[in-house]
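The structure appears right after this line, and notes come after that.
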2 protein chains.
Amino acid sequence: MDTSVAFSPRIERLLDQASSVCAERGSRLTDIRRLVLGLVLDRGRPSGAYELLDRLRENNRGAAPPTVYRALDFLLEQGLVHRIERLSAFVACTHALEHAHGCSDFHAAQFLICRHCGEVTELENRGISHALRAAGAEHGFHISASTIEAEGTCAACRAKPAGMDGPAESRQ
Amino acid sequence: MDTSVAFSPRIERLLDQASSVCAERGSRLTDIRRLVLGLVLDRGRPSGAYELLDRLRENNRGAAPPTVYRALDFLLEQGLVHRIERLSAFVACTHALEHAHGCSDFHAAQFLICRHCGEVTELENRGISHALRAAGAEHGFHISASTIEAEGTCAACRAKPAGMDGPAESRQ
DNA sequence: ACCCGTTCTGTTATAGAGTAACATCAAGGT
DNA sequence: ACCTTGATGTTACTCTATAACAGAACGGGT
Ligand SMILES: [Zn+2]
Ligand SMILES: [Zn+2]
Ligand SMILES: [Zn+2]
Ligand SMILES: [Zn+2]
């Protein structure tokens, strides 16, 4: 496969960081995994698995669905990407590489999905996760993973009037 | 289609109630929609669309994917069922038919999904929804719909030891 | 009763998301 | 060299969901 893919300097730096984090944990950010993470970061928006596959094929002829799903599974396990359930899509974790000190805690995140422009914002609000954990505990339920996603309109899109901007596929 | 499907008296009563609620709103709980809602209620667990389709076909030969998806879309709009994103499945709303007074407020619900037995519990915790709404507002984000789901172990399954009970497909 | 717009349903075909199963390959240790 | 482990290649599915268009049924006005 063609290893000479170059992302922006910022992304290459994040990828190097991700690589270090994996190494510290005894896992390996292989070429394919690195490339997929790069594609997710480069997109900056939720990416569908098959959309990633198409772009993956530009550098890795012969890539098939399992190729990208395996890479995504790994990245999810490492906390480097999140899956947005409402969109069946994937985004890079905003926090994993900023606090990159081998902290393998899986942080509980919340996502704000703008219907208008498609942008996804990742929050890390301990209060919300805690409230949910407490509500579960009241019913004797032990939570091991959670999905918290909100759909609506972001600040930027609320500022604009009834716009024809933003991707057409995100309009409704 | 065969209209003479009989569910349990309890479910038939809920279906009649749902029918009234729809009528008050100017929408119609047609035979197919009523049947699908009945199947979801009857199952009492998250039901996949194609699982519903199979059971729908017992009474409605010629039912196809759009048949069940249209019915589900309607029931979702009416707040009579919820979609569990993490399972790509549907459950009947616990609250819609209990407080059946034409209140078309879409309540914000949370779901506890037991990995072990597959049971889903619906919560309606105003605190959690409010906390999420507030967190969004801090970023200028206006929330119009949200998904809050937690996966873990329910009280009953925690009581049992390492069990071989519960549906095999829910084990991991 | 009849007409007509709207809503609902039938039907076919296809797109999109995800996985099973098995072969192959590469790296590292003995 | 041999074996083990983890990663990738490859084929073939399954499951989830929707597009597009045709026909039937309903409901309101005349
Ligand atoms: Zn994150
Ligand atoms: Zn926006
Ligand atoms: Zn509900
Ligand atoms: Zn359980």
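Numbering starts fresh at 1 for the residues of each chain in the structure tokens, the chains themselves are lettered A, B, ... in the order given, and ligands are numbered from 1 as they appear.
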
Can you check which parts of chain A lie within 12 Å of chain C? Per residue, the shortest pair of atoms and distance in Å to one decimal, counting only C-alpha atoms (C1' of nucleotides), sorted by chain and number, as a tab-separated table.
residue	atom	partner	partner_atom	distance
A:Gly48	CA	C:DA17	C1'	8.9
A:Ala49	CA	C:DA17	C1'	7.8
A:Tyr50	CA	C:DG16	C1'	8.1
A:Glu51	CA	C:DG16	C1'	10.4
A:Ala64	CA	C:DG18	C1'	12.0
A:Pro65	CA	C:DG18	C1'	8.3
A:Pro66	CA	C:DT19	C1'	8.1
A:Thr67	CA	C:DT19	C1'	11.8
A:Val68	CA	C:DG18	C1'	10.8
A:Tyr69	CA	C:DG18	C1'	8.1
A:Arg70	CA	C:DT19	C1'	10.7
A:Leu72	CA	C:DG18	C1'	11.9
A:Asp73	CA	C:DG18	C1'	11.6
A:Glu85	CA	C:DA17	C1'	11.9
A:Leu87	CA	C:DA17	C1'	11.0
A:Ser88	CA	C:DA17	C1'	7.9
A:Ala89	CA	C:DA17	C1'	9.8

Ligand 2: which residues are within 7 Å, counting only C-alpha atoms (C1' of nucleotides) and all ligand atoms, as a ChimeraX atom specification? /A:114-119,153-157

Writer output for current selection, N, CA, C and O atoms, as a CSV table (one decimal), in the first residue's frame:
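The result, stored in result_16.csv:
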chain,number,residue,atom,x,y,z
A,114,CYS,N,-25.5,19.4,14.5
A,114,CYS,CA,-26.2,20.4,13.9
A,114,CYS,C,-26.9,19.9,12.6
A,114,CYS,O,-26.2,19.4,11.7
A,115,ARG,N,-28.2,20.0,12.6
A,115,ARG,CA,-29.0,19.5,11.4
A,115,ARG,C,-28.7,20.3,10.2
A,115,ARG,O,-28.8,19.8,9.1
A,116,HIS,N,-28.3,21.5,10.4
A,116,HIS,CA,-28.2,22.4,9.3
A,116,HIS,C,-26.8,22.3,8.6
A,116,HIS,O,-26.8,22.1,7.3
A,117,CYS,N,-25.8,22.4,9.3
A,117,CYS,CA,-24.4,22.3,8.7
A,117,CYS,C,-23.7,21.0,8.9
A,117,CYS,O,-22.7,20.8,8.3
A,118,GLY,N,-24.3,20.1,9.7
A,118,GLY,CA,-23.7,18.8,9.8
A,118,GLY,C,-22.6,18.7,10.8
A,118,GLY,O,-22.0,17.7,11.1
A,119,GLU,N,-22.2,19.9,11.4
A,119,GLU,CA,-21.1,19.9,12.3
A,119,GLU,C,-21.4,19.2,13.6
A,119,GLU,O,-22.6,19.2,14.1
A,153,THR,N,-29.7,22.9,16.3
A,153,THR,CA,-29.1,23.9,15.4
A,153,THR,C,-28.0,24.6,16.2
A,153,THR,O,-28.2,25.0,17.3
A,154,CYS,N,-26.8,24.7,15.6
A,154,CYS,CA,-25.7,25.2,16.2
A,154,CYS,C,-25.7,26.8,16.2
A,154,CYS,O,-26.6,27.4,15.5
A,155,ALA,N,-24.9,27.4,17.0
A,155,ALA,CA,-24.9,28.8,17.1
A,155,ALA,C,-24.7,29.5,15.8
A,155,ALA,O,-25.4,30.5,15.5
A,156,ALA,N,-23.7,29.0,15.0
A,156,ALA,CA,-23.5,29.7,13.7
A,156,ALA,C,-24.7,29.6,12.8
A,156,ALA,O,-25.1,30.6,12.2
A,157,CYS,N,-25.4,28.5,12.8
A,157,CYS,CA,-26.5,28.3,11.9
A,157,CYS,C,-27.7,29.1,12.4
A,157,CYS,O,-28.6,29.5,11.6

Which residues sit within 6 Å of ligand 3, counting only C-alpha atoms (C1' of nucleotides) and all ligand atoms, listed as a PDB file with C-alpha atoms, in the first residue's frame?
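Result went into selection-v4.pdb, see below:
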ATOM      1  CA  CYS B  93     -43.236   4.140  24.645  1.00  0.00           C
ATOM      2  CA  THR B  94     -43.984   3.357  28.255  1.00  0.00           C
ATOM      3  CA  HIS B  95     -45.419   6.792  28.922  1.00  0.00           C
ATOM      4  CA  ALA B  96     -47.376   7.752  25.828  1.00  0.00           C
ATOM      5  CA  ALA B 109     -36.584   9.765  27.464  1.00  0.00           C
TER       6      ALA B 109
END

At most 9 Å from ligand 1 (only C-alpha atoms (C1' of nucleotides) and all ligand atoms): residue list as a PyMOL selection string: chain A and resi 79-82+91-96+106-110+122-124

Applying 8 Å and only C-alpha atoms (C1' of nucleotides), which residues near stretch 52-57 of chain B remain after dropping the ones on its own chain fewer than 5 positions away? List them as number ranges by chain. B: 35-36, 39-40, 47, 62-65, 68

Please return, as a PDB file with N, CA, C and O atoms (P, O5', C5', C4', C3', O3' and C1' of nucleotides), in the first residue's frame, all residues of chain D lying within 12 Å of chain B when only C-alpha atoms (C1' of nucleotides) are considered.
ATOM      1  P    DT D  14     -27.377 -14.707   3.415  1.00  0.00           P
ATOM      2  O5'  DT D  14     -27.479 -13.759   4.712  1.00  0.00           O
ATOM      3  C5'  DT D  14     -26.665 -14.002   5.855  1.00  0.00           C
ATOM      4  C4'  DT D  14     -26.797 -12.825   6.807  1.00  0.00           C
ATOM      5  C3'  DT D  14     -28.238 -12.344   6.972  1.00  0.00           C
ATOM      6  O3'  DT D  14     -28.505 -12.170   8.347  1.00  0.00           O
ATOM      7  C1'  DT D  14     -26.828 -10.541   6.345  1.00  0.00           C
ATOM      8  P    DC D  15     -30.017 -11.887   8.843  1.00  0.00           P
ATOM      9  O5'  DC D  15     -29.993 -10.328   9.145  1.00  0.00           O
ATOM     10  C5'  DC D  15     -28.991  -9.809   9.998  1.00  0.00           C
ATOM     11  C4'  DC D  15     -29.006  -8.304   9.949  1.00  0.00           C
ATOM     12  C3'  DC D  15     -30.405  -7.675  10.080  1.00  0.00           C
ATOM     13  O3'  DC D  15     -30.286  -6.632  11.037  1.00  0.00           O
ATOM     14  C1'  DC D  15     -29.292  -6.811   8.176  1.00  0.00           C
ATOM     15  P    DT D  16     -31.587  -5.887  11.607  1.00  0.00           P
ATOM     16  O5'  DT D  16     -31.497  -4.483  10.862  1.00  0.00           O
ATOM     17  C5'  DT D  16     -30.303  -3.725  10.958  1.00  0.00           C
ATOM     18  C4'  DT D  16     -30.405  -2.497  10.103  1.00  0.00           C
ATOM     19  C3'  DT D  16     -31.752  -1.766  10.155  1.00  0.00           C
ATOM     20  O3'  DT D  16     -31.521  -0.422  10.521  1.00  0.00           O
ATOM     21  C1'  DT D  16     -31.042  -2.054   7.919  1.00  0.00           C
ATOM     22  P    DA D  17     -32.766   0.593  10.691  1.00  0.00           P
ATOM     23  O5'  DA D  17     -32.967   1.173   9.228  1.00  0.00           O
ATOM     24  C5'  DA D  17     -31.883   1.881   8.610  1.00  0.00           C
ATOM     25  C4'  DA D  17     -32.276   2.277   7.209  1.00  0.00           C
ATOM     26  C3'  DA D  17     -33.632   2.981   7.074  1.00  0.00           C
ATOM     27  O3'  DA D  17     -33.381   4.351   6.800  1.00  0.00           O
ATOM     28  C1'  DA D  17     -33.214   1.465   5.279  1.00  0.00           C
ATOM     29  P    DT D  18     -34.635   5.357   6.549  1.00  0.00           P
ATOM     30  O5'  DT D  18     -34.666   5.425   4.948  1.00  0.00           O
ATOM     31  C5'  DT D  18     -33.440   5.587   4.250  1.00  0.00           C
ATOM     32  C4'  DT D  18     -33.685   5.541   2.756  1.00  0.00           C
ATOM     33  C3'  DT D  18     -34.866   6.379   2.252  1.00  0.00           C
ATOM     34  O3'  DT D  18     -34.381   7.202   1.213  1.00  0.00           O
ATOM     35  C1'  DT D  18     -34.956   4.209   1.347  1.00  0.00           C
ATOM     36  P    DA D  19     -35.303   8.360   0.589  1.00  0.00           P
ATOM     37  O5'  DA D  19     -35.158   8.138  -0.991  1.00  0.00           O
ATOM     38  C5'  DA D  19     -34.118   7.297  -1.475  1.00  0.00           C
ATOM     39  C4'  DA D  19     -34.339   7.012  -2.941  1.00  0.00           C
ATOM     40  C3'  DA D  19     -35.338   7.933  -3.623  1.00  0.00           C
ATOM     41  O3'  DA D  19     -34.930   8.108  -4.982  1.00  0.00           O
ATOM     42  C1'  DA D  19     -36.171   5.720  -3.643  1.00  0.00           C
ATOM     43  P    DA D  20     -35.645   9.237  -5.893  1.00  0.00           P
ATOM     44  O5'  DA D  20     -36.685   8.392  -6.769  1.00  0.00           O
ATOM     45  C5'  DA D  20     -36.312   7.092  -7.222  1.00  0.00           C
ATOM     46  C4'  DA D  20     -37.496   6.438  -7.898  1.00  0.00           C
ATOM     47  C3'  DA D  20     -38.586   7.426  -8.341  1.00  0.00           C
ATOM     48  O3'  DA D  20     -39.020   7.058  -9.634  1.00  0.00           O
ATOM     49  C1'  DA D  20     -39.524   5.759  -6.972  1.00  0.00           C
ATOM     50  P    DA D  25     -59.393  -0.477  -2.250  1.00  0.00           P
ATOM     51  O5'  DA D  25     -59.437   0.464  -0.966  1.00  0.00           O
ATOM     52  C5'  DA D  25     -58.253   0.643  -0.190  1.00  0.00           C
ATOM     53  C4'  DA D  25     -58.374   1.927   0.595  1.00  0.00           C
ATOM     54  C3'  DA D  25     -59.808   2.294   0.973  1.00  0.00           C
ATOM     55  O3'  DA D  25     -59.812   2.649   2.345  1.00  0.00           O
ATOM     56  C1'  DA D  25     -58.750   4.122  -0.080  1.00  0.00           C
ATOM     57  P    DC D  26     -61.201   2.786   3.102  1.00  0.00           P
ATOM     58  O5'  DC D  26     -61.153   4.300   3.570  1.00  0.00           O
ATOM     59  C5'  DC D  26     -59.940   4.796   4.154  1.00  0.00           C
ATOM     60  C4'  DC D  26     -59.908   6.302   4.051  1.00  0.00           C
ATOM     61  C3'  DC D  26     -61.179   6.986   4.530  1.00  0.00           C
ATOM     62  O3'  DC D  26     -60.853   7.745   5.682  1.00  0.00           O
ATOM     63  C1'  DC D  26     -60.340   7.953   2.516  1.00  0.00           C
TER      64       DC D  26
END

Select, as a PyMOL selection string, those residues of chain B with any atom no more than 9 Å from chain A (distances computed using only C-alpha atoms). chain B and resi 85-86+110+112-114+123+125+127-129+131-133+135-137+139-156+158

Pull N, CA, C and O atoms from the residues just selected and write them as a compact mmCIF listing (two decimals), in the first residue's frame.
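Once written, part_24.txt looks like this:
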# COMPACT_ATOMS: atom_id res chain seq x y z
N GLU B 85 -31.17 3.59 19.32
CA GLU B 85 -30.13 3.75 18.30
C GLU B 85 -29.06 2.67 18.41
O GLU B 85 -28.61 2.13 17.40
N ARG B 86 -28.67 2.35 19.63
CA ARG B 86 -27.58 1.39 19.81
C ARG B 86 -27.97 0.00 19.33
O ARG B 86 -27.10 -0.86 19.17
N GLN B 110 -34.86 8.45 28.48
CA GLN B 110 -33.55 7.80 28.55
C GLN B 110 -33.80 6.29 28.61
O GLN B 110 -34.83 5.86 29.11
N LEU B 112 -32.24 2.36 29.50
CA LEU B 112 -31.25 1.49 30.12
C LEU B 112 -31.34 0.14 29.42
O LEU B 112 -32.38 -0.53 29.46
N ILE B 113 -30.27 -0.26 28.77
CA ILE B 113 -30.26 -1.48 27.98
C ILE B 113 -29.41 -2.52 28.68
O ILE B 113 -28.20 -2.34 28.83
N CYS B 114 -30.02 -3.62 29.09
CA CYS B 114 -29.24 -4.66 29.75
C CYS B 114 -28.58 -5.57 28.72
O CYS B 114 -29.26 -6.18 27.89
N LEU B 123 -36.70 5.57 31.00
CA LEU B 123 -36.77 6.55 32.09
C LEU B 123 -37.27 7.88 31.52
O LEU B 123 -37.20 8.13 30.33
N ASN B 125 -36.33 11.26 33.02
CA ASN B 125 -35.67 12.04 34.04
C ASN B 125 -35.46 13.46 33.53
O ASN B 125 -34.62 13.71 32.67
N GLY B 127 -34.14 15.92 34.96
CA GLY B 127 -32.84 16.46 35.32
C GLY B 127 -31.80 16.23 34.23
O GLY B 127 -31.06 17.13 33.86
N ILE B 128 -31.79 15.01 33.70
CA ILE B 128 -30.80 14.69 32.67
C ILE B 128 -31.06 15.49 31.41
O ILE B 128 -30.16 16.11 30.84
N SER B 129 -32.32 15.50 30.96
CA SER B 129 -32.64 16.24 29.74
C SER B 129 -32.27 17.71 29.93
O SER B 129 -31.74 18.35 29.02
N ALA B 131 -30.07 19.02 31.98
CA ALA B 131 -28.62 19.21 32.02
C ALA B 131 -28.03 19.23 30.61
O ALA B 131 -27.16 20.05 30.30
N LEU B 132 -28.55 18.36 29.77
CA LEU B 132 -28.05 18.32 28.40
C LEU B 132 -28.45 19.59 27.66
O LEU B 132 -27.64 20.20 26.94
N ARG B 133 -29.70 20.00 27.84
CA ARG B 133 -30.18 21.22 27.20
C ARG B 133 -29.32 22.42 27.61
O ARG B 133 -28.94 23.24 26.77
N ALA B 135 -26.22 22.32 28.78
CA ALA B 135 -24.86 22.20 28.24
C ALA B 135 -24.83 22.65 26.79
O ALA B 135 -23.88 23.31 26.35
N GLY B 136 -25.87 22.31 26.04
CA GLY B 136 -25.95 22.76 24.65
C GLY B 136 -26.06 24.27 24.58
O GLY B 136 -25.36 24.92 23.78
N ALA B 137 -26.92 24.83 25.44
CA ALA B 137 -27.15 26.27 25.43
C ALA B 137 -25.87 27.05 25.70
O ALA B 137 -25.64 28.11 25.11
N HIS B 139 -23.15 26.51 24.57
CA HIS B 139 -22.43 26.61 23.30
C HIS B 139 -23.31 27.26 22.23
O HIS B 139 -23.00 27.17 21.05
N GLY B 140 -24.43 27.83 22.65
CA GLY B 140 -25.33 28.46 21.69
C GLY B 140 -26.08 27.46 20.85
O GLY B 140 -26.64 27.79 19.80
N PHE B 141 -26.11 26.22 21.31
CA PHE B 141 -26.75 25.17 20.52
C PHE B 141 -28.18 24.96 21.00
O PHE B 141 -28.44 24.81 22.19
N HIS B 142 -29.10 24.93 20.05
CA HIS B 142 -30.50 24.70 20.39
C HIS B 142 -30.88 23.26 20.08
O HIS B 142 -30.87 22.84 18.92
N ILE B 143 -31.24 22.51 21.11
CA ILE B 143 -31.53 21.08 20.96
C ILE B 143 -32.99 20.86 20.63
O ILE B 143 -33.87 21.38 21.31
N SER B 144 -33.24 20.08 19.60
CA SER B 144 -34.64 19.77 19.29
C SER B 144 -34.97 18.30 19.49
O SER B 144 -36.13 17.93 19.56
N ALA B 145 -33.96 17.46 19.56
CA ALA B 145 -34.21 16.04 19.84
C ALA B 145 -32.92 15.45 20.39
O ALA B 145 -31.83 15.91 20.06
N SER B 146 -33.07 14.42 21.22
CA SER B 146 -31.85 13.85 21.78
C SER B 146 -31.98 12.34 21.98
O SER B 146 -33.08 11.80 22.05
N THR B 147 -30.85 11.73 22.03
CA THR B 147 -30.74 10.29 22.24
C THR B 147 -29.90 10.07 23.48
O THR B 147 -28.76 10.51 23.53
N ILE B 148 -30.48 9.43 24.48
CA ILE B 148 -29.72 9.13 25.69
C ILE B 148 -29.94 7.67 26.03
O ILE B 148 -31.03 7.25 26.40
N GLU B 149 -28.90 6.89 25.85
CA GLU B 149 -28.99 5.45 26.06
C GLU B 149 -27.80 4.96 26.88
O GLU B 149 -26.68 5.38 26.64
N ALA B 150 -28.07 4.08 27.81
CA ALA B 150 -27.00 3.51 28.61
C ALA B 150 -27.03 1.99 28.49
O ALA B 150 -28.10 1.38 28.50
N GLU B 151 -25.86 1.40 28.39
CA GLU B 151 -25.77 -0.04 28.27
C GLU B 151 -25.06 -0.58 29.52
O GLU B 151 -24.12 0.04 29.99
N GLY B 152 -25.53 -1.68 30.03
CA GLY B 152 -24.91 -2.24 31.22
C GLY B 152 -25.67 -3.45 31.72
O GLY B 152 -26.17 -4.23 30.93
N THR B 153 -25.76 -3.57 33.03
CA THR B 153 -26.38 -4.75 33.64
C THR B 153 -27.54 -4.32 34.54
O THR B 153 -27.37 -3.46 35.40
N CYS B 154 -28.70 -4.92 34.33
CA CYS B 154 -29.87 -4.57 35.12
C CYS B 154 -29.81 -5.22 36.49
O CYS B 154 -28.99 -6.11 36.74
N ALA B 155 -30.69 -4.76 37.36
CA ALA B 155 -30.70 -5.24 38.74
C ALA B 155 -30.88 -6.76 38.79
O ALA B 155 -30.15 -7.46 39.51
N ALA B 156 -31.83 -7.28 38.04
CA ALA B 156 -32.12 -8.71 38.07
C ALA B 156 -30.89 -9.52 37.66
O ALA B 156 -30.55 -10.53 38.29
N ARG B 158 -27.80 -8.60 37.78
CA ARG B 158 -26.70 -8.47 38.72
C ARG B 158 -26.89 -9.42 39.89
O ARG B 158 -25.92 -9.89 40.49

Backbone-only DSSP, strand (DSSP E) members of chain A, as a PyMOL selection string: chain A and resi 81-84+89-92+110-114+120-123+142-153

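Between atom CA of A:Ser20 and atom CA of A:Asp42 the separation is 19.4 Å.
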
Out of chain B, which residues get alpha helix (DSSP H) from DSSP, as a count of residues only? 72

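Nearest-residue note for ligand 4: choosing from B:Gln78, B:Arg45, B:Asp31, B:Phe7, the minimum distance belongs to B:Arg45, counting only C-alpha atoms and all ligand atoms.
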
Have a look at atom CA of B:Val21 and atom CA of B:Glu58 and let me know their distance in Å, one decimal. 27.1 Å
